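Peer 1: Structure supplied as start37.pdb; contents: PDB, C-alpha atoms, pLDDT in the B column.
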```pdb
ATOM      1  CA  MET A   1       1.375   3.867  47.407  1.00 40.00           C
ATOM      2  CA  GLU A   2       2.740   5.389  50.613  1.00 44.00           C
ATOM      3  CA  PRO A   3       6.372   4.627  51.454  1.00 46.00           C
ATOM      4  CA  THR A   4       6.872   2.344  54.412  1.00 45.00           C
ATOM      5  CA  PRO A   5       8.957   3.530  57.374  1.00 47.00           C
ATOM      6  CA  GLU A   6      11.708   1.156  56.175  1.00 51.00           C
ATOM      7  CA  GLN A   7      11.766   2.892  52.758  1.00 56.00           C
ATOM      8  CA  ASP A   8      12.057   6.298  54.448  1.00 70.00           C
ATOM      9  CA  LYS A   9      15.007   5.156  56.521  1.00 87.00           C
ATOM     10  CA  PRO A  10      18.359   6.504  55.236  1.00 92.00           C
ATOM     11  CA  VAL A  11      20.962   3.982  54.108  1.00 92.00           C
ATOM     12  CA  LEU A  12      23.823   3.740  56.612  1.00 94.00           C
ATOM     13  CA  ARG A  13      27.107   4.616  54.863  1.00 93.00           C
ATOM     14  CA  PRO A  14      30.424   4.478  56.754  1.00 95.00           C
ATOM     15  CA  THR A  15      32.614   6.988  54.937  1.00 96.00           C
ATOM     16  CA  VAL A  16      36.264   8.019  54.868  1.00 97.00           C
ATOM     17  CA  ARG A  17      37.335  11.576  54.109  1.00 97.00           C
ATOM     18  CA  LEU A  18      40.978  12.458  53.514  1.00 98.00           C
ATOM     19  CA  LEU A  19      42.473  15.790  54.515  1.00 98.00           C
ATOM     20  CA  ILE A  20      45.322  15.672  52.012  1.00 97.00           C
ATOM     21  CA  LEU A  21      47.776  18.462  52.833  1.00 97.00           C
ATOM     22  CA  ASP A  22      50.886  19.174  50.800  1.00 97.00           C
ATOM     23  CA  GLU A  23      54.182  20.620  52.032  1.00 96.00           C
ATOM     24  CA  LYS A  24      52.719  24.155  51.683  1.00 97.00           C
ATOM     25  CA  ASP A  25      49.750  23.246  53.936  1.00 97.00           C
ATOM     26  CA  ARG A  26      47.388  23.375  50.949  1.00 97.00           C
ATOM     27  CA  LEU A  27      44.298  21.178  51.263  1.00 98.00           C
ATOM     28  CA  LEU A  28      43.123  19.160  48.257  1.00 97.00           C
ATOM     29  CA  MET A  29      39.396  19.481  47.707  1.00 96.00           C
ATOM     30  CA  PHE A  30      36.902  18.521  45.007  1.00 94.00           C
ATOM     31  CA  SER A  31      33.980  20.652  43.864  1.00 92.00           C
ATOM     32  CA  GLY A  32      30.417  19.835  42.991  1.00 86.00           C
ATOM     33  CA  THR A  33      27.233  21.721  42.241  1.00 81.00           C
ATOM     34  CA  ASP A  34      24.379  21.769  44.741  1.00 71.00           C
ATOM     35  CA  ASP A  35      21.284  20.356  43.044  1.00 61.00           C
ATOM     36  CA  SER A  36      18.977  22.535  45.129  1.00 66.00           C
ATOM     37  CA  ASP A  37      20.470  25.938  44.302  1.00 69.00           C
ATOM     38  CA  GLY A  38      23.149  25.462  41.625  1.00 70.00           C
ATOM     39  CA  HIS A  39      25.938  26.845  43.816  1.00 80.00           C
ATOM     40  CA  THR A  40      29.409  25.341  43.956  1.00 87.00           C
ATOM     41  CA  PHE A  41      30.542  23.531  47.069  1.00 90.00           C
ATOM     42  CA  TRP A  42      33.923  22.026  48.005  1.00 93.00           C
ATOM     43  CA  PHE A  43      34.655  18.857  49.969  1.00 94.00           C
ATOM     44  CA  PRO A  44      37.639  16.657  50.907  1.00 97.00           C
ATOM     45  CA  ILE A  45      38.179  13.534  48.831  1.00 95.00           C
ATOM     46  CA  GLY A  46      36.859  10.194  49.984  1.00 95.00           C
ATOM     47  CA  GLY A  47      33.830   7.989  49.867  1.00 92.00           C
ATOM     48  CA  GLY A  48      31.901   5.077  51.239  1.00 92.00           C
ATOM     49  CA  ARG A  49      33.419   1.962  52.715  1.00 95.00           C
ATOM     50  CA  GLU A  50      32.828  -1.141  50.627  1.00 94.00           C
ATOM     51  CA  GLU A  51      31.768  -4.478  52.119  1.00 94.00           C
ATOM     52  CA  GLY A  52      34.640  -6.092  54.032  1.00 96.00           C
ATOM     53  CA  GLU A  53      36.957  -3.058  53.911  1.00 96.00           C
ATOM     54  CA  THR A  54      38.594  -1.469  56.919  1.00 96.00           C
ATOM     55  CA  LEU A  55      38.611   2.324  57.097  1.00 96.00           C
ATOM     56  CA  GLU A  56      42.304   2.229  56.180  1.00 96.00           C
ATOM     57  CA  GLN A  57      41.593   0.116  53.085  1.00 96.00           C
ATOM     58  CA  THR A  58      38.812   2.493  52.093  1.00 96.00           C
ATOM     59  CA  ALA A  59      41.198   5.439  52.454  1.00 97.00           C
ATOM     60  CA  ALA A  60      43.812   3.787  50.220  1.00 96.00           C
ATOM     61  CA  ARG A  61      41.226   2.829  47.576  1.00 95.00           C
ATOM     62  CA  GLU A  62      39.613   6.266  47.511  1.00 94.00           C
ATOM     63  CA  ALA A  63      42.995   8.024  47.276  1.00 95.00           C
ATOM     64  CA  ARG A  64      44.009   5.800  44.358  1.00 94.00           C
ATOM     65  CA  GLU A  65      40.664   6.129  42.517  1.00 93.00           C
ATOM     66  CA  GLU A  66      40.194   9.859  43.028  1.00 94.00           C
ATOM     67  CA  THR A  67      43.741  11.226  42.832  1.00 95.00           C
ATOM     68  CA  GLY A  68      46.004   8.517  41.422  1.00 94.00           C
ATOM     69  CA  LEU A  69      47.941   8.478  44.717  1.00 94.00           C
ATOM     70  CA  THR A  70      49.181   4.915  45.205  1.00 91.00           C
ATOM     71  CA  GLU A  71      51.539   5.387  48.144  1.00 89.00           C
ATOM     72  CA  LEU A  72      49.348   6.534  51.019  1.00 88.00           C
ATOM     73  CA  SER A  73      50.802   7.241  54.428  1.00 93.00           C
ATOM     74  CA  LEU A  74      47.600   7.574  56.423  1.00 96.00           C
ATOM     75  CA  GLY A  75      47.895   9.843  59.412  1.00 96.00           C
ATOM     76  CA  PRO A  76      45.635   9.975  62.446  1.00 97.00           C
ATOM     77  CA  GLU A  77      41.874  10.225  62.417  1.00 98.00           C
ATOM     78  CA  VAL A  78      41.207  13.839  63.412  1.00 98.00           C
ATOM     79  CA  TRP A  79      37.450  14.377  63.032  1.00 98.00           C
ATOM     80  CA  ARG A  80      34.183  12.442  62.917  1.00 98.00           C
ATOM     81  CA  ARG A  81      30.909  13.687  61.532  1.00 97.00           C
ATOM     82  CA  ARG A  82      27.414  12.381  60.901  1.00 96.00           C
ATOM     83  CA  ALA A  83      25.831  13.797  57.760  1.00 92.00           C
ATOM     84  CA  ILE A  84      22.473  12.893  56.267  1.00 89.00           C
ATOM     85  CA  GLY A  85      21.993  13.749  52.611  1.00 80.00           C
ATOM     86  CA  SER A  86      20.691  12.550  49.275  1.00 75.00           C
ATOM     87  CA  TRP A  87      22.711  11.375  46.312  1.00 68.00           C
ATOM     88  CA  GLY A  88      21.171   9.967  43.141  1.00 65.00           C
ATOM     89  CA  GLY A  89      17.721   9.677  44.682  1.00 72.00           C
ATOM     90  CA  THR A  90      18.874   7.771  47.777  1.00 80.00           C
ATOM     91  CA  THR A  91      19.136   9.280  51.250  1.00 87.00           C
ATOM     92  CA  TYR A  92      22.278   8.317  53.152  1.00 88.00           C
ATOM     93  CA  ASP A  93      23.231   8.490  56.813  1.00 94.00           C
ATOM     94  CA  CYS A  94      26.978   9.007  56.401  1.00 94.00           C
ATOM     95  CA  ARG A  95      29.262   8.304  59.337  1.00 96.00           C
ATOM     96  CA  GLU A  96      32.376  10.178  58.228  1.00 97.00           C
ATOM     97  CA  HIS A  97      35.895   9.540  59.495  1.00 98.00           C
ATOM     98  CA  TYR A  98      38.389  12.283  58.560  1.00 98.00           C
ATOM     99  CA  PHE A  99      42.048  11.253  58.347  1.00 98.00           C
ATOM    100  CA  LEU A 100      45.073  13.522  57.959  1.00 98.00           C
ATOM    101  CA  VAL A 101      47.385  12.698  55.043  1.00 97.00           C
ATOM    102  CA  ARG A 102      50.624  14.592  54.393  1.00 97.00           C
ATOM    103  CA  VAL A 103      52.029  14.460  50.860  1.00 96.00           C
ATOM    104  CA  GLY A 104      54.444  16.208  48.558  1.00 93.00           C
ATOM    105  CA  SER A 105      52.891  18.062  45.644  1.00 86.00           C
ATOM    106  CA  PHE A 106      51.683  15.759  42.871  1.00 89.00           C
ATOM    107  CA  ASP A 107      49.523  15.940  39.763  1.00 90.00           C
ATOM    108  CA  ILE A 108      45.968  14.754  40.336  1.00 92.00           C
ATOM    109  CA  ASP A 109      44.930  11.795  38.173  1.00 90.00           C
ATOM    110  CA  THR A 110      41.168  11.282  38.096  1.00 89.00           C
ATOM    111  CA  ALA A 111      41.250   8.359  35.625  1.00 86.00           C
ATOM    112  CA  GLY A 112      39.963   6.093  38.426  1.00 87.00           C
ATOM    113  CA  PHE A 113      36.744   8.074  38.901  1.00 87.00           C
ATOM    114  CA  THR A 114      33.505   6.110  38.864  1.00 80.00           C
ATOM    115  CA  ASP A 115      30.830   7.146  36.373  1.00 79.00           C
ATOM    116  CA  ASP A 116      28.977   8.962  39.179  1.00 79.00           C
ATOM    117  CA  GLU A 117      32.136  10.868  40.129  1.00 81.00           C
ATOM    118  CA  ARG A 118      32.763  11.861  36.496  1.00 81.00           C
ATOM    119  CA  THR A 119      29.310  13.438  36.303  1.00 79.00           C
ATOM    120  CA  SER A 120      29.148  14.985  39.789  1.00 80.00           C
ATOM    121  CA  ILE A 121      32.678  16.235  40.531  1.00 84.00           C
ATOM    122  CA  THR A 122      33.285  19.477  38.684  1.00 83.00           C
ATOM    123  CA  GLY A 123      36.899  20.225  39.629  1.00 90.00           C
ATOM    124  CA  HIS A 124      39.698  20.106  42.152  1.00 94.00           C
ATOM    125  CA  HIS A 125      41.939  22.668  43.803  1.00 95.00           C
ATOM    126  CA  TRP A 126      44.756  22.820  46.346  1.00 96.00           C
ATOM    127  CA  TRP A 127      43.413  25.409  48.819  1.00 97.00           C
ATOM    128  CA  THR A 128      45.492  27.601  51.131  1.00 97.00           C
ATOM    129  CA  LEU A 129      43.869  28.628  54.394  1.00 97.00           C
ATOM    130  CA  ASP A 130      43.757  32.230  53.107  1.00 97.00           C
ATOM    131  CA  GLU A 131      41.869  31.075  49.991  1.00 97.00           C
ATOM    132  CA  LEU A 132      39.411  29.095  52.114  1.00 97.00           C
ATOM    133  CA  ASN A 133      38.834  32.149  54.298  1.00 96.00           C
ATOM    134  CA  ALA A 134      38.214  34.329  51.218  1.00 97.00           C
ATOM    135  CA  THR A 135      35.849  32.095  49.228  1.00 95.00           C
ATOM    136  CA  SER A 136      32.095  32.541  49.233  1.00 93.00           C
ATOM    137  CA  ASP A 137      31.638  28.945  48.027  1.00 92.00           C
ATOM    138  CA  ARG A 138      30.153  26.485  50.497  1.00 92.00           C
ATOM    139  CA  LEU A 139      32.697  24.253  52.240  1.00 95.00           C
ATOM    140  CA  VAL A 140      32.072  20.814  53.713  1.00 94.00           C
ATOM    141  CA  PRO A 141      32.178  20.473  56.634  1.00 96.00           C
ATOM    142  CA  GLY A 142      30.627  23.889  57.262  1.00 93.00           C
ATOM    143  CA  ASN A 143      33.215  24.945  59.828  1.00 95.00           C
ATOM    144  CA  LEU A 144      36.178  23.704  57.765  1.00 97.00           C
ATOM    145  CA  ARG A 145      37.996  27.045  57.931  1.00 97.00           C
ATOM    146  CA  SER A 146      38.282  27.092  61.719  1.00 97.00           C
ATOM    147  CA  LEU A 147      38.853  23.337  61.970  1.00 97.00           C
ATOM    148  CA  LEU A 148      41.735  23.454  59.492  1.00 98.00           C
ATOM    149  CA  ALA A 149      43.232  26.536  61.159  1.00 98.00           C
ATOM    150  CA  ASP A 150      43.185  24.706  64.507  1.00 97.00           C
ATOM    151  CA  LEU A 151      44.672  21.570  62.946  1.00 98.00           C
ATOM    152  CA  LEU A 152      47.503  23.511  61.289  1.00 97.00           C
ATOM    153  CA  ARG A 153      48.206  25.519  64.450  1.00 97.00           C
ATOM    154  CA  SER A 154      47.932  22.771  67.090  1.00 97.00           C
ATOM    155  CA  GLY A 155      48.414  19.523  65.169  1.00 97.00           C
ATOM    156  CA  PRO A 156      46.163  16.475  65.338  1.00 97.00           C
ATOM    157  CA  PRO A 157      44.009  16.043  68.451  1.00 97.00           C
ATOM    158  CA  GLU A 158      44.699  13.146  70.823  1.00 96.00           C
ATOM    159  CA  LYS A 159      41.376  11.587  69.840  1.00 97.00           C
ATOM    160  CA  PRO A 160      39.011  12.436  66.953  1.00 97.00           C
ATOM    161  CA  ILE A 161      36.835  15.504  67.427  1.00 97.00           C
ATOM    162  CA  THR A 162      33.103  14.957  66.823  1.00 97.00           C
ATOM    163  CA  LEU A 163      31.834  17.667  64.464  1.00 95.00           C
ATOM    164  CA  THR A 164      28.352  19.104  64.608  1.00 87.00           C
ATOM    165  CA  HIS A 165      28.263  20.799  61.137  1.00 75.00           C
TER
END
```
Since I need it in another form, could you write the structure as structure tokens?
Peer 2:
Amino acid sequence: MEPTPEQDKPVLRPTVRLLILDEKDRLLMFSGTDDSDGHTFWFPIGGGREEGETLEQTAAREAREETGLTELSLGPEVWRRRAIGSWGGTTYDCREHYFLVRVGSFDIDTAGFTDDERTSITGHHWWTLDELNATSDRLVPGNLRSLLADLLRSGPPEKPITLTH
């Protein structure tokens, strides 16, 4: 049976990503393994908005579930990105909203991970810009190094920047 055009259509998924930076300007990122080539990639924490949530509520929930952070002082939205990709056999059209979050250092608590996160997230690390510039691992978004350097140098933009990577 041939799939119908409706079946081929990616599932729309509004998504929040958090650029959690500590007092040393280290960025918290999670790692995963690319199913297509087995290589490690790194991405900011976050996830899909649930029915009825605002982006701010999604940010608070994701921070709590993925890091144990319960007091979230959400900063400005700095980037937006559209990303189409597959996860668990479903293709998603993610509309990502990246928010800046400044925190003091804290121990990551992943006890709130979903079952999918437990099987797909392979680690976490607080990255310095120098470490990001030195790694050969794939980073998401693809131009994260230059974007983060600009953000640290110039501060948040007046309105969110639309990313193309």
Peer 1: Taking all atoms listed in the file into account, produce a table as a tab-separated table in which each residue of stretch 54-138 of chain A with an atom at most 7 Å from an atom of stretch 14-26 of chain A appears once, together with its shortest atom pair and the distance in Å to one decimal, ordered by chain and rising number.
Peer 2:
```
residue	atom	partner	partner_atom	distance
A:Leu55	CA	A:Val16	CA	6.6
A:Thr58	CA	A:Val16	CA	6.7
A:Ala59	CA	A:Val16	CA	6.1
A:Cys94	CA	A:Pro14	CA	5.7
A:Arg95	CA	A:Pro14	CA	4.8
A:Glu96	CA	A:Thr15	CA	4.6
A:His97	CA	A:Val16	CA	4.9
A:Tyr98	CA	A:Arg17	CA	4.6
A:Phe99	CA	A:Leu18	CA	5.1
A:Leu100	CA	A:Leu19	CA	4.9
A:Val101	CA	A:Ile20	CA	4.7
A:Arg102	CA	A:Leu21	CA	5.1
A:Val103	CA	A:Asp22	CA	4.9
A:Gly104	CA	A:Asp22	CA	5.1
A:Ser105	CA	A:Asp22	CA	5.6
A:Trp126	CA	A:Arg26	CA	5.3
A:Trp127	CA	A:Arg26	CA	4.9
A:Thr128	CA	A:Arg26	CA	4.6
```
Peer 1: Could you give me, as a VMD selection string, the residues that sit within 12 Å of (48.2, 11.4, 71.0) in the file's coordinates, counting only C-alpha atoms?
Peer 2: chain A and resid 75 to 78 155 to 160
Peer 1: Identify all residues satisfying the PyMOL selection byres ((chain A and resi 68) around 12) in the given file; provide them as a list in words.
Peer 2: Ile45, Ala60, Arg61, Glu62, Ala63, Arg64, Glu65, Glu66, Thr67, Leu69, Thr70, Glu71, Leu72, Phe106, Asp107, Ile108, Asp109, Thr110, Ala111, Gly112 and Phe113 of chain A
Peer 1: Residue by residue, what does the PyMOL selection byres ((chain A and resi 162) around 8) grab here? Present the result as a list of chain:residue names.
Peer 2: A:Trp79, A:Arg80, A:Arg81, A:Pro160, A:Ile161, A:Leu163, A:Thr164
Peer 1: Would you write out, as a PDB file with C-alpha atoms, keeping the file's coordinate frame, every residue that the PyMOL selection byres ((chain A and resi 91) around 10) captures in this file?
Peer 2:
```
ATOM      1  CA  GLN A   7      11.766   2.892  52.758  1.00 56.00           C
ATOM      2  CA  ASP A   8      12.057   6.298  54.448  1.00 70.00           C
ATOM      3  CA  LYS A   9      15.007   5.156  56.521  1.00 87.00           C
ATOM      4  CA  PRO A  10      18.359   6.504  55.236  1.00 92.00           C
ATOM      5  CA  VAL A  11      20.962   3.982  54.108  1.00 92.00           C
ATOM      6  CA  LEU A  12      23.823   3.740  56.612  1.00 94.00           C
ATOM      7  CA  ARG A  13      27.107   4.616  54.863  1.00 93.00           C
ATOM      8  CA  ILE A  84      22.473  12.893  56.267  1.00 89.00           C
ATOM      9  CA  GLY A  85      21.993  13.749  52.611  1.00 80.00           C
ATOM     10  CA  SER A  86      20.691  12.550  49.275  1.00 75.00           C
ATOM     11  CA  TRP A  87      22.711  11.375  46.312  1.00 68.00           C
ATOM     12  CA  GLY A  88      21.171   9.967  43.141  1.00 65.00           C
ATOM     13  CA  GLY A  89      17.721   9.677  44.682  1.00 72.00           C
ATOM     14  CA  THR A  90      18.874   7.771  47.777  1.00 80.00           C
ATOM     15  CA  TYR A  92      22.278   8.317  53.152  1.00 88.00           C
ATOM     16  CA  ASP A  93      23.231   8.490  56.813  1.00 94.00           C
ATOM     17  CA  CYS A  94      26.978   9.007  56.401  1.00 94.00           C
TER      18      CYS A  94
END
```
Peer 1: Tell me, in Å to one decimal, how far atom CA of A:Arg118 is from atom CA of A:Ser31.
Peer 2: 11.5 Å
Peer 1: Atom CA of A:Thr33 and atom CA of A:Leu129 are how many Å apart?
Peer 2: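 Separation between atom CA of A:Thr33 and atom CA of A:Leu129: 21.7 Å.
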Peer 1: What is the distance, in Å and to one decimal place, between atom CA of A:Asp115 and atom CA of A:Gly142?
Peer 2: 26.8 Å
